[in-house]
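Peer 1: Data: model.cif, mmCIF, C-alpha atoms.
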```cif
data_entry
#
loop_
_atom_site.label_atom_id
_atom_site.label_comp_id
_atom_site.auth_asym_id
_atom_site.auth_seq_id
_atom_site.Cartn_x
_atom_site.Cartn_y
_atom_site.Cartn_z
CA MET T 1 0.00 0.00 0.00
CA GLU T 2 1.12 3.56 -0.75
CA SER T 3 0.89 4.67 2.85
CA THR T 4 3.26 1.91 4.04
CA SER T 5 5.79 2.00 1.18
CA LEU T 6 7.40 5.18 2.51
CA GLU T 7 7.52 3.75 6.04
CA SER T 8 9.16 0.62 4.68
CA ARG T 9 11.73 2.49 2.59
CA ILE T 10 13.06 4.73 5.36
CA GLY T 11 13.65 1.76 7.63
CA THR T 12 12.84 0.98 11.22
CA MET T 13 12.74 3.99 13.49
CA ASN T 14 14.61 4.10 16.78
CA PRO T 15 11.95 5.74 18.97
CA ILE T 16 14.55 6.82 21.54
CA LEU T 17 16.01 9.30 19.04
CA MET T 18 14.48 12.34 17.41
CA GLN T 19 13.32 11.47 13.91
CA LEU T 20 14.00 14.00 11.16
CA TYR T 21 12.12 13.69 7.86
CA SER T 22 13.60 16.05 5.34
CA THR T 23 15.53 16.75 2.16
CA ASN T 24 18.45 19.12 1.75
CA THR T 25 16.41 22.03 0.44
CA PRO T 26 17.01 25.31 2.30
CA ASN T 27 14.10 24.63 4.66
CA GLY T 28 15.35 21.13 5.29
CA ILE T 29 18.91 22.29 5.90
CA LYS T 30 17.66 24.71 8.57
CA VAL T 31 16.50 21.96 10.90
CA ALA T 32 19.51 19.74 10.22
CA ALA T 33 21.77 22.71 11.06
CA MET T 34 19.93 23.30 14.33
CA LEU T 35 20.11 19.62 15.30
CA GLU T 36 23.83 19.55 14.53
CA GLU T 37 24.39 22.71 16.59
CA VAL T 38 22.43 21.26 19.51
CA GLY T 39 24.43 18.05 19.22
CA LEU T 40 27.73 19.91 19.51
CA LEU T 41 26.48 21.90 22.51
CA GLU T 42 25.13 18.86 24.33
CA SER T 43 28.31 16.91 23.61
CA GLY T 44 30.32 19.77 25.13
CA LYS T 45 28.23 19.41 28.30
CA GLY T 46 28.89 15.69 28.42
CA ASN T 47 25.34 14.80 27.36
CA ASP T 48 24.38 12.20 24.77
CA PHE T 49 22.47 13.63 21.82
CA ASN T 50 21.67 12.08 18.49
CA TYR T 51 18.89 12.00 15.93
CA GLU T 52 17.89 9.77 13.06
CA PRO T 53 17.58 11.50 9.67
CA HIS T 54 15.36 10.16 6.89
CA THR T 55 15.51 11.55 3.36
CA ILE T 56 12.08 12.13 1.83
CA ASP T 57 11.89 11.73 -1.93
CA LEU T 58 10.20 14.87 -3.25
CA ARG T 59 10.31 13.69 -6.85
CA GLU T 60 8.24 10.64 -5.97
CA GLY T 61 5.72 12.73 -4.08
CA GLU T 62 6.38 11.04 -0.75
CA THR T 63 5.27 14.16 1.14
CA LYS T 64 1.76 13.54 -0.23
CA SER T 65 1.52 10.05 1.24
CA ASP T 66 -0.97 9.40 4.01
CA TRP T 67 1.85 8.12 6.20
CA PHE T 68 3.88 11.33 5.91
CA LYS T 69 0.83 13.55 6.35
CA ARG T 70 0.22 11.94 9.71
CA ILE T 71 3.52 13.56 10.72
CA SER T 72 3.25 16.77 8.70
CA PRO T 73 -0.40 17.54 7.84
CA THR T 74 0.67 20.24 5.37
CA GLY T 75 2.53 17.65 3.30
CA LYS T 76 5.78 19.65 3.46
CA ILE T 77 9.27 18.90 4.70
CA PRO T 78 10.90 19.19 7.15
CA ALA T 79 9.11 17.33 9.91
CA LEU T 80 10.35 16.08 13.26
CA ILE T 81 9.15 13.60 15.85
CA ASP T 82 10.49 14.04 19.37
CA ASN T 83 9.36 11.34 21.80
CA GLY T 84 5.95 11.18 20.11
CA THR T 85 5.58 14.94 19.63
CA LYS T 86 5.12 15.72 15.93
CA LEU T 87 6.40 19.02 14.61
CA PHE T 88 6.20 20.62 11.18
CA GLU T 89 7.17 24.00 9.65
CA SER T 90 10.89 24.74 9.85
CA GLY T 91 10.58 27.95 11.88
CA SER T 92 8.37 26.23 14.43
CA ILE T 93 10.86 23.38 14.78
CA LEU T 94 13.75 25.79 15.29
CA LEU T 95 11.86 27.60 18.03
CA TYR T 96 10.87 24.32 19.70
CA LEU T 97 14.47 23.10 19.78
CA ALA T 98 15.79 26.47 20.98
CA GLU T 99 13.36 26.47 23.88
CA LYS T 100 13.85 22.79 24.74
CA TYR T 101 17.64 23.04 24.88
CA ASP T 102 17.83 26.70 25.93
CA CYS T 103 20.17 27.66 23.12
CA PHE T 104 20.44 29.98 20.13
CA ILE T 105 17.80 32.33 21.50
CA PRO T 106 18.55 35.22 23.89
CA HIS T 107 17.16 35.32 27.42
CA GLU T 108 16.78 39.11 27.48
CA ILE T 109 13.19 39.90 26.50
CA GLU T 110 13.87 42.54 23.82
CA GLU T 111 16.59 40.55 22.09
CA ARG T 112 14.46 37.43 22.31
CA ALA T 113 11.51 39.20 20.68
CA ASN T 114 13.84 40.61 18.01
CA THR T 115 15.19 37.13 17.28
CA ILE T 116 11.70 35.70 16.88
CA SER T 117 10.71 38.60 14.60
CA TRP T 118 13.66 37.93 12.30
CA LEU T 119 12.91 34.20 12.44
CA PHE T 120 9.41 34.88 11.15
CA TRP T 121 10.73 37.36 8.56
CA SER T 122 13.11 34.78 7.16
CA SER T 123 10.58 31.93 7.29
CA SER T 124 7.73 33.85 5.68
CA MET T 125 9.30 36.57 3.53
CA LEU T 126 12.86 35.77 2.49
CA SER T 127 12.20 32.09 1.87
CA SER T 128 9.09 32.60 -0.25
CA LYS T 129 10.57 35.36 -2.41
CA ILE T 130 13.83 33.53 -3.13
CA LYS T 131 11.87 30.38 -3.92
CA SER T 132 9.54 32.26 -6.30
CA ALA T 133 12.34 34.20 -7.97
CA GLY T 134 14.28 30.99 -8.55
CA PHE T 135 11.25 29.11 -9.85
CA PHE T 136 10.19 31.73 -12.39
CA TYR T 137 13.79 32.33 -13.48
CA LYS T 138 14.96 28.72 -13.80
CA TYR T 139 12.11 26.22 -13.80
CA CYS T 140 8.89 27.77 -15.07
CA THR T 141 8.13 26.49 -18.57
CA LYS T 142 5.06 28.65 -19.17
CA ASP T 143 5.21 31.69 -21.42
CA LEU T 144 4.43 34.24 -18.73
CA PRO T 145 4.92 38.01 -18.91
CA ARG T 146 8.46 39.01 -17.98
CA TYR T 147 6.93 41.15 -15.25
CA VAL T 148 6.26 38.02 -13.19
CA GLN T 149 9.93 37.04 -13.13
CA GLU T 150 11.11 40.61 -12.56
CA ARG T 151 8.68 41.17 -9.71
CA TYR T 152 10.14 38.38 -7.60
CA ILE T 153 13.69 39.34 -8.48
CA ARG T 154 12.94 42.88 -7.28
CA GLU T 155 11.34 41.56 -4.10
CA THR T 156 14.33 39.32 -3.40
CA ALA T 157 16.66 42.27 -3.98
CA ARG T 158 14.61 44.37 -1.56
CA LEU T 159 14.80 41.71 1.15
CA LEU T 160 18.52 41.19 0.62
CA GLN T 161 18.95 44.94 1.06
CA ILE T 162 17.02 44.78 4.35
CA LEU T 163 19.39 42.05 5.52
CA GLU T 164 22.38 44.04 4.27
CA SER T 165 21.25 47.09 6.25
CA GLN T 166 20.73 45.03 9.39
CA LEU T 167 24.18 43.45 9.14
CA SER T 168 25.91 46.76 8.30
CA GLN T 169 25.31 48.02 11.84
CA GLY T 170 28.42 46.32 13.16
CA LYS T 171 26.62 43.03 13.77
CA MET T 172 28.28 39.65 13.42
CA HIS T 173 24.86 38.07 13.07
CA ILE T 174 21.32 39.27 12.48
CA VAL T 175 20.42 40.18 16.05
CA GLY T 176 23.92 40.95 17.27
CA ASP T 177 27.05 38.98 18.05
CA MET T 178 25.04 35.94 19.19
CA TYR T 179 24.32 33.24 16.60
CA THR T 180 20.59 32.54 16.86
CA ILE T 181 17.73 30.65 15.26
CA ALA T 182 17.17 33.74 13.13
CA ASP T 183 20.54 33.06 11.48
CA ILE T 184 19.85 29.33 11.20
CA ALA T 185 16.61 30.20 9.38
CA THR T 186 18.37 32.64 7.04
CA TRP T 187 21.73 31.43 5.81
CA PRO T 188 20.36 28.24 4.16
CA TRP T 189 18.35 30.46 1.84
CA ILE T 190 21.46 32.40 0.85
CA PHE T 191 23.09 29.02 0.32
CA GLY T 192 20.15 27.93 -1.84
CA LEU T 193 20.21 31.14 -3.85
CA MET T 194 23.94 30.85 -4.57
CA ASN T 195 23.99 27.11 -5.28
CA ASN T 196 20.60 26.34 -6.85
CA TYR T 197 20.13 29.58 -8.75
CA ASP T 198 23.70 30.58 -9.54
CA ASP T 199 22.76 32.00 -12.96
CA LEU T 200 20.16 34.21 -11.29
CA VAL T 201 22.76 35.40 -8.78
CA THR T 202 25.17 36.24 -11.58
CA GLN T 203 22.72 37.89 -13.95
CA GLY T 204 20.07 39.24 -11.62
CA PHE T 205 22.09 40.21 -8.56
CA ASN T 206 25.59 40.86 -9.95
CA GLY T 207 27.04 38.07 -7.86
CA LEU T 208 25.63 39.70 -4.68
CA LYS T 209 28.46 42.25 -4.86
CA GLN T 210 26.07 45.00 -3.74
CA TYR T 211 25.52 43.06 -0.51
CA PRO T 212 29.04 42.75 0.96
CA HIS T 213 27.82 42.36 4.54
CA VAL T 214 25.43 39.59 3.49
CA LEU T 215 28.24 37.75 1.72
CA ALA T 216 30.60 38.06 4.70
CA TYR T 217 27.81 36.96 7.03
CA TYR T 218 26.98 33.96 4.85
CA ARG T 219 30.62 32.85 4.83
CA ARG T 220 30.74 33.03 8.63
CA CYS T 221 27.61 30.91 8.91
CA ILE T 222 28.51 28.28 6.34
CA GLN T 223 31.96 27.78 7.90
CA ARG T 224 30.48 26.64 11.20
CA PRO T 225 31.14 22.90 11.71
CA ALA T 226 27.42 22.17 12.15
CA SER T 227 26.56 24.02 8.93
CA SER T 228 29.03 22.10 6.79
CA VAL T 229 27.53 18.83 8.04
CA ALA T 230 23.90 19.98 7.76
CA ILE T 231 23.93 20.52 4.00
CA ASN T 232 24.47 16.78 3.48
CA VAL T 233 22.35 15.26 6.27
CA THR T 234 19.39 14.35 4.05
CA PRO T 235 20.79 14.36 0.50
CA MET T 236 18.20 14.58 -2.23
CA ILE T 237 17.41 11.22 -3.80
CA MET T 238 18.56 11.29 -7.41
CA GLU T 239 17.16 9.23 -10.23
CA THR T 240 19.29 6.24 -11.24
#
```
The structure given in the file should be rewritten as structure tokens.

Peer 2:
Amino acid sequence: MESTSLESRIGTMNPILMQLYSTNTPNGIKVAAMLEEVGLLESGKGNDFNYEPHTIDLREGETKSDWFKRISPTGKIPALIDNGTKLFESGSILLYLAEKYDCFIPHEIEERANTISWLFWSSSMLSSKIKSAGFFYKYCTKDLPRYVQERYIRETARLLQILESQLSQGKMHIVGDMYTIADIATWPWIFGLMNNYDDLVTQGFNGLKQYPHVLAYYRRCIQRPASSVAINVTPMIMET
């Protein structure tokens, strides 16, 4: 049956561990990056921490299966199960993990609120506009007015400029010097823009040269040990 084929393919779950269901899209990388960061922190405290990643095959429509929708009712990756608690939406998962492990989110109320605001900005605005700009530039096969493509390129440029302005205020990261879930929600989309839509970056954004603080920030984020691991945690299943 369709609903059990996915369950069979990903193997037997170890219920003691967190179960990550994802693919290495920008949204999927976010949660993998957070889990890897938490793992390093917990290891430094002498605590055991591990999780079991499962790659979901987007090309085969596995997110639409009844089995997967019982975990993520929206039919979208990433999804996480933690001791029976089912979580979906990448921003929500980041916030859940930050609160559970008391990490990557400030304690001071104003900075905490600011972090959550930027988390929502990245999850709702930056992600959707980069995704749309990339789709209409690279993948859309319909003969649509050029305005459609240009609109999302302009919107992406506007959001990148907002991020550039925020980072130009002497900040190492979005909220300040502290690396937070706002950063973990953001840099994977810069990664996706530069690696999935490299032609768009070159032709539409001049290689991001007008955003020097964004580029420097991205390099700092991607060089973190957890980040370099996260981009390959749930590699996309390729056709053979």

Peer 1: Please report the interatomic distance between CA of Arg220 (chain T) and CA of Tyr179 (chain T) in Å with one decimal.

Peer 2: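 Interatomic distance, CA of Arg220 (chain T) to CA of Tyr179 (chain T): 10.2 Å.
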
Peer 1: Which residue is closest to Leu193 (chain T)? Choose from T:Lys100, T:Arg112, T:His54, T:Lys131 and count all atoms listed in the file.

Peer 2: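 Among the listed residues, the smallest separation from Leu193 (chain T) belongs to T:Lys131.
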
Peer 1: Leaving out Phe104 (chain T) and any residue of its chain fewer than 5 positions from it, which residues lie within 10 Å of it when counting only C-alpha atoms, given as a ChimeraX atom specification?

Peer 2: /T:34,37-38,94-95,97-99,112,115,178-184

Peer 1: Which residue is closest to Asn196 (chain T)? Choose from T:Phe135, T:Thr55, T:Cys103, T:Gly39 and count all atoms listed in the file.

Peer 2: T:Phe135

Peer 1: So, with all atoms listed in the file as the atoms that count, which of T:Ala133, T:Met194, T:Ala185, T:Val214 lies closest to Ser168 (chain T)?

Peer 2: T:Val214

Peer 1: Name all residues at most 10 Å from Met236 (chain T) (count all atoms listed in the file; drop same-chain ones fewer than 2 positions away) and give them as a ChimeraX atom specification.

Peer 2: /T:22-25,55-59,232-234,238-239

Peer 1: With all atoms listed in the file as the atoms that count, which of T:Glu150, T:Ala157, T:Asp177, T:Ile130 lies nearest to Tyr197 (chain T)?

Peer 2: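 Ranking T:Glu150, T:Ala157, T:Asp177, T:Ile130 by distance to Tyr197 (chain T), first place goes to T:Ile130.
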
Peer 1: Could you give me, as a PyMOL selection string, the residues that sit within 9 Å of (11.1, 10.9, 22.1) in the file's coordinates, counting only C-alpha atoms?

Peer 2: chain T and resi 15-19+81-85

Peer 1: To test your reading of the syntax: which residues would the PyMOL selection byres ((chain T and resi 212) around 12) return for the file shown? Reply as a VMD selection string.

Peer 2: chain T and resid 160 to 161 163 to 165 167 to 168 206 to 211 213 to 219

Peer 1: Can you pull out every residue within 12 Å of Arg146 (chain T), counting only C-alpha atoms, but drop anything in the same chain fewer than 6 positions away, and send it as a PyMOL selection string?

Peer 2: chain T and resi 133+136-137+140+152-153

Peer 1: Report as a list in words the full result of the PyMOL selection byres ((chain T and resi 70-79) around 8) when it is applied to this structure.

Peer 2: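 Taken over the shown coordinates, the PyMOL selection byres ((chain T and resi 70-79) around 8) returns Leu20, Tyr21, Ser22, Thr23, Asn27, Gly28, Val31, Ile56, Thr63, Lys64, Ser65, Asp66, Trp67, Phe68, Lys69, Leu80, Ile81, Lys86, Leu87, Phe88, Glu89, Ser90 and Ile93 of chain T.
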
Peer 1: Write a file of the selected residues as a PDB file, keeping the file's coordinate frame, keeping C-alpha atoms.

Peer 2:
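Writing the result to part27.pdb gives the following:
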```
ATOM      1  CA  LEU T  20      14.000  14.000  11.160  1.00  0.00           C
ATOM      2  CA  TYR T  21      12.120  13.690   7.860  1.00  0.00           C
ATOM      3  CA  SER T  22      13.600  16.050   5.340  1.00  0.00           C
ATOM      4  CA  THR T  23      15.530  16.750   2.160  1.00  0.00           C
ATOM      5  CA  ASN T  27      14.100  24.630   4.660  1.00  0.00           C
ATOM      6  CA  GLY T  28      15.350  21.130   5.290  1.00  0.00           C
ATOM      7  CA  VAL T  31      16.500  21.960  10.900  1.00  0.00           C
ATOM      8  CA  ILE T  56      12.080  12.130   1.830  1.00  0.00           C
ATOM      9  CA  THR T  63       5.270  14.160   1.140  1.00  0.00           C
ATOM     10  CA  LYS T  64       1.760  13.540  -0.230  1.00  0.00           C
ATOM     11  CA  SER T  65       1.520  10.050   1.240  1.00  0.00           C
ATOM     12  CA  ASP T  66      -0.970   9.400   4.010  1.00  0.00           C
ATOM     13  CA  TRP T  67       1.850   8.120   6.200  1.00  0.00           C
ATOM     14  CA  PHE T  68       3.880  11.330   5.910  1.00  0.00           C
ATOM     15  CA  LYS T  69       0.830  13.550   6.350  1.00  0.00           C
ATOM     16  CA  LEU T  80      10.350  16.080  13.260  1.00  0.00           C
ATOM     17  CA  ILE T  81       9.150  13.600  15.850  1.00  0.00           C
ATOM     18  CA  LYS T  86       5.120  15.720  15.930  1.00  0.00           C
ATOM     19  CA  LEU T  87       6.400  19.020  14.610  1.00  0.00           C
ATOM     20  CA  PHE T  88       6.200  20.620  11.180  1.00  0.00           C
ATOM     21  CA  GLU T  89       7.170  24.000   9.650  1.00  0.00           C
ATOM     22  CA  SER T  90      10.890  24.740   9.850  1.00  0.00           C
ATOM     23  CA  ILE T  93      10.860  23.380  14.780  1.00  0.00           C
TER      24      ILE T  93
END
```

Peer 1: Work out how far CA of Asp102 (chain T) is from CA of Gly46 (chain T), in Å to one decimal.

Peer 2: 15.8 Å

Peer 1: Measure the distance from CA of Ile29 (chain T) to CA of Ser124 (chain T) in Å and round it to one decimal.

Peer 2: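 That distance, rounded to one decimal, is 16.1 Å.
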